[in-house]
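Quick look at upload-v5.txt (compact mmCIF, C-alpha atoms):
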# COMPACT_ATOMS: atom_id res chain seq x y z
CA MET A 19 13.26 -35.33 10.93
CA ARG A 20 15.34 -32.23 10.26
CA ARG A 21 13.30 -31.47 7.14
CA ARG A 22 10.12 -31.66 9.21
CA PHE A 23 11.77 -29.46 11.85
CA LEU A 24 12.64 -26.87 9.18
CA ASN A 25 9.10 -26.95 7.84
CA LEU A 26 7.84 -26.33 11.37
CA ILE A 27 10.18 -23.37 11.80
CA ASN A 28 9.27 -21.91 8.40
CA TYR A 29 5.68 -22.38 9.16
CA LYS A 30 5.81 -20.42 12.39
CA PHE A 31 8.15 -18.41 11.43
CA SER A 32 34.37 -23.82 15.22
CA LYS A 33 35.70 -21.16 17.32
CA ILE A 34 38.84 -21.48 15.23
CA LEU A 35 37.09 -21.63 11.91
CA LEU A 36 34.73 -18.86 12.86
CA ILE A 37 37.60 -16.56 13.83
CA ILE A 38 39.59 -17.39 10.71
CA LEU A 39 36.63 -16.85 8.41
CA CYS A 40 34.91 -13.92 10.05
CA LEU A 41 37.43 -12.00 12.15
CA PRO A 42 38.95 -9.20 10.08
CA VAL A 43 42.68 -8.59 10.35
CA THR A 44 43.19 -5.40 12.35
CA SER A 45 45.64 -3.85 9.90
CA PHE A 46 43.16 -4.20 7.03
CA CYS A 47 39.79 -3.57 8.66
CA GLN A 48 38.75 -1.63 11.72
CA LEU A 49 35.41 -3.43 11.96
CA LYS A 50 35.05 -5.09 15.34
CA GLN A 51 32.86 -7.80 16.72
CA GLY A 52 29.82 -6.89 18.77
CA SER A 53 27.32 -5.42 16.28
CA VAL A 54 25.09 -6.43 13.38
CA GLU A 55 27.60 -4.69 11.13
CA TYR A 56 29.88 -7.60 11.87
CA LEU A 57 27.08 -9.98 10.88
CA LYS A 58 26.82 -8.18 7.54
CA TYR A 59 30.59 -8.26 7.13
CA CYS A 60 30.81 -12.03 7.71
CA ASN A 61 27.80 -12.76 5.47
CA GLY A 62 27.80 -16.40 6.56
CA ILE A 63 29.63 -18.73 8.89
CA ASN A 64 32.08 -21.64 8.94
CA GLY A 65 33.26 -21.21 5.37
CA LEU A 66 29.76 -20.88 3.95
CA THR A 67 28.78 -17.60 2.30
CA LEU A 68 25.26 -16.37 1.71
CA GLY A 69 24.59 -15.70 -1.96
CA ALA A 70 27.42 -17.99 -3.09
CA ASP A 71 26.78 -20.55 -5.80
CA ILE A 72 26.31 -24.06 -4.45
CA SER A 73 28.70 -25.31 -7.15
CA THR A 74 31.57 -23.71 -5.22
CA ILE A 75 31.14 -26.45 -2.59
CA SER A 76 32.61 -29.86 -3.36
CA GLY A 77 29.89 -32.33 -4.23
CA ASN A 78 31.20 -34.91 -1.77
CA LYS A 79 30.43 -32.48 1.06
CA LEU A 80 26.74 -32.21 0.16
CA ALA A 81 23.74 -34.50 0.45
CA PHE A 82 20.05 -33.75 0.19
CA LEU A 83 18.63 -33.08 3.64
CA ASP A 84 16.88 -36.23 4.87
CA GLY A 85 17.33 -37.63 1.37
CA ASP A 86 14.64 -35.32 -0.04
CA SER A 87 15.64 -33.99 -3.47
CA LYS A 88 12.34 -32.18 -4.13
CA PHE A 89 11.93 -28.43 -4.29
CA ASP A 90 10.12 -26.93 -1.33
CA ALA A 91 7.24 -24.45 -1.46
CA ASP A 92 9.69 -21.61 -2.22
CA SER A 93 11.35 -23.48 -5.13
CA CYS A 94 14.37 -24.10 -2.93
CA LEU A 95 16.51 -27.20 -2.35
CA ASN A 96 17.78 -28.24 1.09
CA TYR A 97 21.17 -29.83 1.64
CA ALA A 98 23.12 -31.28 4.55
CA TYR A 99 26.72 -30.02 4.69
CA LYS A 100 28.83 -33.07 5.47
CA ASP A 101 32.12 -31.39 6.36
CA THR A 102 32.34 -32.43 10.02
CA THR A 103 35.41 -30.23 10.63
CA THR A 104 33.09 -27.19 10.70
CA LEU A 105 30.81 -28.46 13.47
CA LYS A 106 32.95 -27.38 16.44
CA MET A 107 32.21 -23.89 17.69
CA GLU A 108 32.68 -21.61 20.70
CA ASN A 109 32.49 -22.85 24.31
CA GLY A 110 33.03 -26.46 23.28
CA LEU A 111 29.73 -26.54 21.45
CA VAL A 112 29.50 -29.14 18.68
CA LEU A 113 26.73 -28.67 16.17
CA ASP A 114 24.51 -31.57 15.27
CA MET A 115 24.53 -30.60 11.60
CA ILE A 116 24.85 -27.70 9.18
CA GLY A 117 22.15 -27.31 6.55
CA ILE A 118 22.09 -25.24 3.38
CA ARG A 119 19.06 -23.97 1.46
CA THR A 120 19.46 -22.75 -2.10
CA TYR A 121 17.37 -20.74 -4.51
CA LYS A 122 18.44 -20.95 -8.16
CA ASN A 123 21.68 -22.56 -6.92
CA LYS A 124 22.46 -19.59 -4.64
CA ILE A 125 22.72 -20.03 -0.86
CA VAL A 126 19.74 -18.25 0.69
CA ASN A 127 19.88 -19.88 4.16
CA ILE A 128 22.49 -21.51 6.37
CA TYR A 129 21.09 -23.64 9.21
CA LEU A 130 23.01 -24.56 12.35
CA PHE A 131 21.28 -27.46 14.10
CA PHE A 132 22.20 -27.95 17.76
CA LYS A 133 21.06 -29.76 20.87
CA LYS A 134 18.72 -27.66 22.98
CA SER A 135 21.04 -28.13 25.97
CA ASP A 136 23.66 -26.08 24.05
CA ALA A 137 21.30 -23.21 23.25
CA TYR A 138 22.72 -20.76 25.78
CA LYS A 139 26.26 -21.42 24.57
CA LEU A 140 25.28 -20.44 21.06
CA LEU A 141 23.30 -17.44 22.30
CA TYR A 142 26.37 -16.30 24.24
CA ASP A 143 28.55 -16.63 21.13
CA PHE A 144 26.14 -14.63 19.00
CA LEU A 145 25.95 -11.87 21.61
CA ILE A 146 29.74 -11.65 21.55
CA TYR A 147 30.03 -11.63 17.77
CA TYR A 148 26.94 -9.69 16.69
CA GLY A 149 25.99 -7.67 19.76
CA ASN A 150 22.60 -7.62 21.44
CA PHE A 151 19.76 -9.08 19.41
CA THR A 152 17.70 -6.49 17.54
CA ASN A 153 14.37 -8.20 18.10
CA LYS A 154 12.76 -10.75 20.42
CA PRO A 155 9.20 -11.08 19.12
CA TYR A 156 7.79 -13.16 21.97
CA GLU A 157 8.50 -12.49 25.63
CA PHE A 158 8.11 -16.09 26.73
CA LYS A 159 9.57 -17.83 23.68
CA ASP A 160 13.22 -18.39 22.93
CA ILE A 161 13.38 -16.63 19.59
CA TYR A 162 16.16 -14.09 19.06
CA ASN A 163 16.70 -12.08 15.89
CA TRP A 164 19.66 -10.09 14.63
CA ASN A 165 18.36 -8.13 11.66
CA SER A 166 20.36 -6.04 9.21
CA SER A 167 19.84 -4.68 5.71
CA SER A 168 21.60 -7.58 3.97
CA VAL A 169 21.74 -10.49 6.45
CA ASN A 170 19.35 -11.71 9.13
CA LEU A 171 20.09 -14.23 11.86
CA SER A 172 17.46 -16.01 13.94
CA LEU A 173 18.10 -18.30 16.90
CA LEU A 174 15.17 -20.55 17.82
CA TYR A 175 14.65 -23.29 20.36
CA GLU A 176 11.68 -24.53 22.36
CA ALA A 177 11.16 -26.44 25.58
CA ARG A 178 9.12 -29.16 23.90
CA VAL A 179 11.67 -29.80 21.14
CA ASP A 180 15.08 -31.38 21.73
CA MET A 181 16.69 -29.54 18.83
CA GLY A 182 17.29 -25.88 18.10
CA VAL A 183 18.34 -24.06 14.96
CA ALA A 184 20.12 -20.85 14.03
CA ILE A 185 19.19 -19.51 10.61
CA PHE A 186 21.33 -17.12 8.56
CA THR A 187 19.35 -15.52 5.73
CA SER A 188 20.31 -13.55 2.63
CA ASN A 189 17.76 -10.75 2.46
CA GLN A 190 18.39 -10.14 -1.24
CA LEU A 191 17.56 -13.73 -2.15
CA LYS A 192 14.63 -13.71 0.28
CA ARG A 193 13.22 -10.73 -1.64
CA GLU A 194 13.74 -12.55 -4.94
CA ILE A 195 11.77 -15.52 -3.62
CA LEU A 196 8.97 -13.22 -2.46
CA LEU A 197 8.79 -11.48 -5.84
CA MET A 198 8.73 -14.85 -7.58
CA LYS A 199 5.82 -16.02 -5.44
CA VAL A 200 3.93 -12.74 -5.91
CA GLY A 201 4.39 -13.12 -9.66
CA ILE A 202 3.02 -16.66 -9.60
CA ILE A 203 0.00 -15.58 -7.56
CA GLY A 204 -0.60 -12.63 -9.88
CA ARG A 205 -0.52 -14.81 -13.00
CA SER A 206 -2.77 -17.35 -11.33
CA LEU A 207 -5.35 -14.69 -10.44
CA PHE A 208 -5.21 -13.18 -13.92
CA ASN A 209 -5.87 -16.56 -15.53
CA ASP A 210 -8.67 -17.47 -13.15
CA PRO A 211 -11.89 -17.33 -15.21
CA PHE A 212 -13.96 -16.65 -12.09
CA ILE A 213 -11.96 -13.51 -11.31
CA HIS A 214 -11.12 -12.31 -14.82
CA PRO A 215 -13.67 -13.90 -17.15
CA HIS A 216 -12.70 -13.74 -20.80
CA PRO A 217 -15.82 -12.62 -22.74
CA GLU A 218 -16.95 -14.59 -25.72
CA PRO A 219 -16.34 -12.88 -29.07
CA LEU A 220 -19.16 -10.57 -30.12
CA LEU A 221 -21.43 -12.32 -32.58
CA LEU A 222 -23.05 -10.00 -35.10
CA THR A 223 -26.50 -11.25 -35.92
CA ASN A 224 -27.67 -8.14 -37.68
CA THR A 225 -27.15 -8.76 -41.36
CA SER A 226 -26.91 -5.12 -42.16
CA ALA A 227 -24.15 -4.74 -39.64
CA MET A 228 -22.39 -7.70 -41.22
CA LYS A 229 -22.53 -6.05 -44.60
CA GLU A 230 -21.02 -2.88 -43.20
File written out as structure tokens:
Amino acid sequence: MRRRFLNLINYKFSKILLIILCLPVTSFCQLKQGSVEYLKYCNGINGLTLGADISTISGNKLAFLDGDSKFDADSCLNYAYKDTTTLKMENGLVLDMIGIRTYKNKIVNIYLFFKKSDAYKLLYDFLIYYGNFTNKPYEFKDIYNWNSSSVNLSLLYEARVDMGVAIFTSNQLKREILLMKVGIIGRSLFNDPFIHPHPEPLLLTNTSAMKE
């Protein structure tokens, strides 16, 4: 179900742990909560870091999402993060699950699955931590984006779906995936005989030309 939910999203397009992992110590860093700069600084959530190698996570804390071990359309693998101690967040919110998406074993996405009834709690937390969202593409849809040069965060939930998701994205790895797909398309077009026909070798039938 969650895999289908992720496919739908891609197609359309715990307070304690969070503070420990993301809140900089005042004496070492003057960066404060309340802006996308803080989103860039954290570069992940709940002990998970974008761009990190999946091998840094203990194998007993990972399982393929919905049991599907196949690569998706972007050559990525999707995992469920089974460490339940990381599910509790701000305002008493308890996540349904944390998902991880990897490209070449690097974490490109972190998914926070939550019940739709908790959506406003998570929105409130994100506004506190990362400031006002930078983009809300649809006036009457609950899609909120916090975009920065290195990390993007999207919060999505809909009235007709009981589940919502927050997606943290590594922009560097997202660009690598895009370049990979562009390369595949380019090679495919180049090798397509209908687009780039390869002419037959020139056959010399003139005997005099053959002698020359």
Spatial neighbours of Phe132 (chain A), 8 Å, all atoms listed in the file, chain gap at least 4 places, as number ranges by chain: A: 112-115, 136-137, 181-183
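If all atoms listed in the file are the atoms counted, then among A:Lys79, A:Tyr121, A:Leu68, A:Tyr138 the closest residue to Ala91 (chain A) is A:Tyr121.
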Please, what distance in Å, to one decimal, runs between CA of Asn61 (chain A) and CA of Val200 (chain A)? 26.4 Å
Rank nothing, just name the residue among A:Glu176, A:Leu111, A:Leu95, A:Asn123 nearest to Tyr142 (chain A), using all atoms listed in the file. A:Leu111
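For the pair CA of Asp143 (chain A) and CA of Arg193 (chain A), the interatomic distance is 28.1 Å.
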Which one is closest to Ser53 (chain A): A:Ser76, A:Ser135, A:Thr67, A:Ser166? Count all atoms listed in the file. A:Ser166
From CA of Leu191 (chain A) to CA of Trp164 (chain A) the spacing works out at 17.3 Å
Show which residues sit within 6 Å of Val169 (chain A), as a tab-separated table (two decimals) with C-alpha atoms, keeping the file's coordinate frame. Count all atoms listed in the file, and ignore same-chain residues fewer than 4 positions away.
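Generated output (result_30.tsv):
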chain	number	residue	atom	x	y	z
A	58	LYS	CA	26.82	-8.18	7.54
A	187	THR	CA	19.35	-15.52	5.73
A	188	SER	CA	20.31	-13.55	2.63
A	189	ASN	CA	17.76	-10.75	2.46
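Between Lys106 (chain A) and the candidates A:Asn64, A:Gly77, A:Val179, A:Asn153, the tightest atom-to-atom separation, counting all atoms listed in the file, involves A:Asn64.
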Closest to Phe144 (chain A) among A:Tyr175, A:Tyr59, A:Tyr99, A:Tyr162, using only C-alpha atoms? A:Tyr162
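The closest residue to Ile195 (chain A), picked from A:Val54, A:Leu83, A:Cys94, A:Ala70 and counting all atoms listed in the file, is A:Cys94.
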Could you give me, as an NGL selection string, the residues within 12 Å of Leu105 (chain A), counting all atoms listed in the file and dropping anything in the same chain fewer than 2 positions from it? :A and (32-36 or 63-65 or 99-103 or 107-108 or 110-117 or 129-132)
